[in-house]
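Peer 1: Take a look at this one; I'll ask things after.
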Amino acid sequence: METTLALDEYRRYGRQMILDGFGLEGGFRSQLKLKRASVIVVGAGGLGCPALQYLAASGIGKIGIIDHDVVELSNLQRQVLHNEQTLDMPKAQSAALALKRLPFLPLWIETRQDAECIYRLDSNANVEIITQALAPDNAIVLLSPYDIILDCTDNPPTRYLLSDTAVALGKPLVSGAAQKFEGQLCIYNFGPTGPCYRCLFPKPPAPEHAGTCEETGILGAVTGIIGNLQALETIKIIIGLHDGTPSLLLFSALGIPPFRTIKLRSRKPTCPACGEEGQKLGEISNIDYVQFCGGAAPDWEKSGLVEGSPDRRISVKDLKMTMDDNTVKKRIIDVRSATEFGICHLPDSTNVPLKILVSDPHAYLPDAETPTYIVCRLGNDSQIAADALQSVCPEKFTVKDVIGGLRAWSKHVDVNFPVY
């Protein structure tokens with residue numbers, strides 16, 4: 001165990017070491033605590049990137065990164081450690097490479113059997129990258145070497161897995177979440193009475209209601225705020241500045257004030273994970289977290305491509321032929337939101353958001369001579385809209401929705417059509 005700081009570390013970390021109140025035992029000992037600490041970040045995305053950046057810069061001795069995904073162009077709007085040069089690279093590896101560009105001295109890379117490689121950033125700090133997916137059968141092994149766990153993921157099964165594993169290991173879990181203009185932060189399983197994730201959310205949301213950033217959108221700066229707060233709370237725990245009071249921090253970029261805190265109750269005695277009463281969960285490796293959360297998340301792009309009957313759905317290629325035939329009357333309704341319609345839309349299409357159409361389908365009935373074609377982003381909302389119209393109009397009227405939506409249009413008709 002390290003008992004002192006190197007000469008250059010005094011200069012590197014001096015600005016935080018001289019702070020009055022930097023840790024309960026003074027700046028020098030607090031910096032040593034950071035140097036001796038180990039933190040693992042699960043998810044190198046919008047939350048994980050800012051958290052990793054500030055954890056590494058603060059002097060944490062060992063940092064682990066778990067992420068089995070690869071960098072995509074759509075990530076770059078908020079996942080600030082990645083760039084165009086690391087597209088298609090594993091996110092954990094891309095994040096480690098970015099951390100090397102911080103004011104550290106990259107010394108060497110070591111390969112290991114249970115973790116793909118370790119990037120040592122200076123003589124005292126190292127980053128371990130793990131590009132395999134976190135799962136019930138490896139969670140204990142991968143997380144046990146670390147003092148604190150950061151949940152920077154975006155799906156319910158992994159959140160429950162991380163919480164249960166933190167309880168089993170007796171480690172605090174610093175959890176963040178962000179969507180649209182909002183975010184939240186909570187520390188689970190911290191202190192003698194700190195609740196776990198199951199205490200607050202005993203029942204997961206239905207898979208179709210657990211929206212992702214791709215479906216709902218996200219302002220990149222929101223993930224930066226929450227990720228930075230995760231790093232801050234982690235540092236406070238390590239150096240002894242956190243009072244351990246269970247609370248949930250809520251953030252709204254459009255709120256005044258933007259932050260508010262909800263005081264939480266202590267852990268539930270009947271919680272199957274951390275409570276002393278009731279039935280226990282048993283071995284984590286035997287739990288099917290995906291099934292517990294209602295099954296796998298829907299593949300909306302795949303479901304939007306189901307062909308269906310020819311009298312109810314039309315392909316994008318057939319729609320293009322119809323649009324090019326000026327002798328045929330037609331009507332195209334786009335049921336995306338007005339915001340999405342403003343980003344891009346098909347020529348001569350009319351915007352009627354899904355909620356408006358479904359609430360009053362009679363107002364948008366076609367006539368017998370004008371076939372109506374309904375389009376959306378992926379071909380799912382258009383099916384709902386088409387069903388609503390078909391339920392109130394005579395059978396001889398033509399109402400069809402577009403298979404695969406605008407995503408299919410951009411692939412098979414117009415490669416220059418925007419994809420977002």
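Starting from 1 in every chain, residues are counted up; chains themselves are A, B, ... following the order of the structure tokens, and ligands are numbered from 1 as listed.
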Among range 208-343 of chain A, which ones does DSSP place in strand (DSSP E or B), written as a list in words?
Peer 2: Ile218, Ser247, Leu248, Leu249, Leu250, Phe251, Ser252, Phe259, Arg260, Thr261, Ile262, Lys263, Arg313, Ile314, Arg331, Ile332, Ile333 and Asp334 of chain A
Peer 1: Tell me which protein, DNA and RNA residues are within 12 Å of Lys236 in chain A, counting only C-alpha atoms, leaving out same-chain ones fewer than 3 positions away, and put them as a PyMOL selection string.
Peer 2: chain A and resi 21-24+30-31+33-34+55+58+148+174+187+229-233+239-244
Peer 1: Take the residues just selected and output them with C-alpha atoms as a PDB file, in the first residue's frame.
Peer 2:
ATOM      1  CA  GLY A  21     -11.798  20.558   4.356  1.00  0.00           C
ATOM      2  CA  PHE A  22     -10.432  18.358   1.568  1.00  0.00           C
ATOM      3  CA  GLY A  23     -11.087  15.171   3.472  1.00  0.00           C
ATOM      4  CA  LEU A  24     -11.405  14.637   7.203  1.00  0.00           C
ATOM      5  CA  SER A  30      -6.952  12.451   1.445  1.00  0.00           C
ATOM      6  CA  GLN A  31      -4.817  12.406  -1.686  1.00  0.00           C
ATOM      7  CA  LYS A  33      -6.745   7.733  -0.038  1.00  0.00           C
ATOM      8  CA  LEU A  34      -7.505   8.574  -3.652  1.00  0.00           C
ATOM      9  CA  LEU A  55     -11.947  10.354 -11.606  1.00  0.00           C
ATOM     10  CA  SER A  58      -8.318  13.452  -9.390  1.00  0.00           C
ATOM     11  CA  ILE A 148     -16.737   1.614  -5.402  1.00  0.00           C
ATOM     12  CA  VAL A 174     -23.050   5.465  -7.373  1.00  0.00           C
ATOM     13  CA  ILE A 187     -25.968   6.334  -4.068  1.00  0.00           C
ATOM     14  CA  LEU A 229     -21.685  14.516 -10.168  1.00  0.00           C
ATOM     15  CA  GLN A 230     -21.081  10.762 -10.048  1.00  0.00           C
ATOM     16  CA  ALA A 231     -17.346  11.429 -10.023  1.00  0.00           C
ATOM     17  CA  LEU A 232     -17.780  14.071  -7.320  1.00  0.00           C
ATOM     18  CA  GLU A 233     -19.833  11.811  -5.052  1.00  0.00           C
ATOM     19  CA  ILE A 239     -11.974  10.925   1.287  1.00  0.00           C
ATOM     20  CA  GLY A 240     -14.709  10.796   3.925  1.00  0.00           C
ATOM     21  CA  LEU A 241     -16.728  13.889   3.055  1.00  0.00           C
ATOM     22  CA  HIS A 242     -20.059  12.174   2.368  1.00  0.00           C
ATOM     23  CA  ASP A 243     -22.475  12.152   5.297  1.00  0.00           C
ATOM     24  CA  GLY A 244     -24.220   8.985   4.110  1.00  0.00           C
TER      25      GLY A 244
END
Peer 1: Range 395-397 of chain A: which residues within 8 Å, counting only C-alpha atoms, same-chain residues fewer than 6 positions away excluded, as an mmCIF file with C-alpha atoms, in the first residue's frame?
Peer 2:
data_model
loop_
_atom_site.group_PDB
_atom_site.id
_atom_site.type_symbol
_atom_site.label_atom_id
_atom_site.label_comp_id
_atom_site.auth_asym_id
_atom_site.auth_seq_id
_atom_site.Cartn_x
_atom_site.Cartn_y
_atom_site.Cartn_z
ATOM 1 C CA PRO A 366 -59.445 9.462 -46.362
ATOM 2 C CA ASP A 367 -61.838 9.562 -49.253
ATOM 3 C CA ALA A 368 -62.534 6.672 -51.584
ATOM 4 C CA GLU A 369 -60.435 8.109 -54.401
ATOM 5 C CA PRO A 371 -55.236 6.307 -50.889
#
Peer 1: Among range 166-373 of chain A, which ones does DSSP assign to alpha helix (DSSP H) (computed from the backbone)? Answer as a ChimeraX atom specification.
Peer 2: /A:166-169,197-200,213-216,220-239,289-292,300-303,316-324,338-343,354-359
Peer 1: Using only C-alpha atoms, can you tell me which of A:Lys91, A:Gly275, A:Leu162, A:Phe259 comes closest to Gly194 in chain A?
Peer 2: A:Gly275
Peer 1: Need to verify the contact set: range 358-361 of chain A, 12 Å, only C-alpha atoms, exclusion of same-chain residues closer than 4 positions in sequence. Can you return it as a PDB file with C-alpha atoms, in the first residue's frame?
Peer 2:
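The result, written out as around36.pdb:
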ATOM      1  CA  VAL A 335     -47.115  10.709 -37.568  1.00  0.00           C
ATOM      2  CA  VAL A 352     -50.179  14.734 -37.889  1.00  0.00           C
ATOM      3  CA  PRO A 353     -48.491  13.531 -34.662  1.00  0.00           C
ATOM      4  CA  LEU A 354     -49.606  10.083 -33.557  1.00  0.00           C
ATOM      5  CA  LEU A 365     -60.474   9.972 -42.718  1.00  0.00           C
ATOM      6  CA  PRO A 366     -59.445   9.462 -46.362  1.00  0.00           C
ATOM      7  CA  ASP A 381     -46.142   4.181 -34.825  1.00  0.00           C
ATOM      8  CA  SER A 382     -47.420   4.171 -38.400  1.00  0.00           C
ATOM      9  CA  GLN A 383     -49.047   0.787 -37.779  1.00  0.00           C
ATOM     10  CA  ILE A 384     -50.877   2.170 -34.753  1.00  0.00           C
ATOM     11  CA  ALA A 385     -52.063   5.158 -36.750  1.00  0.00           C
ATOM     12  CA  ALA A 386     -53.157   2.988 -39.681  1.00  0.00           C
ATOM     13  CA  ASP A 387     -55.135   0.710 -37.353  1.00  0.00           C
ATOM     14  CA  ALA A 388     -56.871   3.757 -35.872  1.00  0.00           C
ATOM     15  CA  LEU A 389     -57.925   5.027 -39.305  1.00  0.00           C
ATOM     16  CA  GLN A 390     -58.893   1.592 -40.611  1.00  0.00           C
ATOM     17  CA  SER A 391     -61.135   1.056 -37.605  1.00  0.00           C
ATOM     18  CA  VAL A 392     -63.342   4.040 -38.512  1.00  0.00           C
ATOM     19  CA  CYS A 393     -63.346   4.084 -42.318  1.00  0.00           C
TER      20      CYS A 393
END
Peer 1: Of the candidates A:Asn83, A:Gln291, A:Ser247, A:Asn416, which one gets nearest to Pro156 in chain A if we count only C-alpha atoms?
Peer 2: A:Gln291
Peer 1: What's around Leu406 in chain A at 8 Å? Count only C-alpha atoms, leave out sequence neighbours fewer than 4 positions away in its own chain, and write the answer as number ranges by chain.
Peer 2: A: 375-379, 410
Peer 1: Hey, can you spit out that residue selection with C-alpha atoms as a PDB file, in the first residue's frame?
Peer 2:
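Output file out37.pdb follows:
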ATOM      1  CA  VAL A 375     -45.125   6.928 -42.345  1.00  0.00           C
ATOM      2  CA  CYS A 376     -43.066   7.256 -39.181  1.00  0.00           C
ATOM      3  CA  ARG A 377     -39.420   6.826 -38.245  1.00  0.00           C
ATOM      4  CA  LEU A 378     -39.159   3.010 -38.076  1.00  0.00           C
ATOM      5  CA  GLY A 379     -42.573   1.674 -39.084  1.00  0.00           C
ATOM      6  CA  SER A 410     -33.009   6.105 -46.466  1.00  0.00           C
TER       7      SER A 410
END
Peer 1: I want to know what sits within 12 Å of Arg36 in chain A, based on only C-alpha atoms, with residues of the same chain fewer than 4 positions away left out; could you give that as a PyMOL selection string?
Peer 2: chain A and resi 1-5+29-32+59-63+124-126+146-147+238-239
Peer 1: Between A:Gly48, A:Pro195, A:Pro205, A:Pro157, which one has atoms that come closest to Arg265 in chain A, using only C-alpha atoms?
Peer 2: A:Pro195
Peer 1: Ranking A:Ser303, A:Thr370, A:Ser175, A:Asn351 by minimum distance to Arg331 in chain A and counting only C-alpha atoms, which one comes first?
Peer 2: A:Thr370
Peer 1: My list of candidates is A:Asn75, A:Thr339, A:Thr398, A:Thr158. Which is closest to Tyr197 in chain A when distances are computed with only C-alpha atoms?
Peer 2: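 For Tyr197 in chain A, the nearest of the given residues is A:Thr158.
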Peer 1: Between A:Leu47, A:Ile235, A:Ile256, A:Leu134, which one has atoms that come closest to Gln184 in chain A, using only C-alpha atoms?
Peer 2: A:Leu47
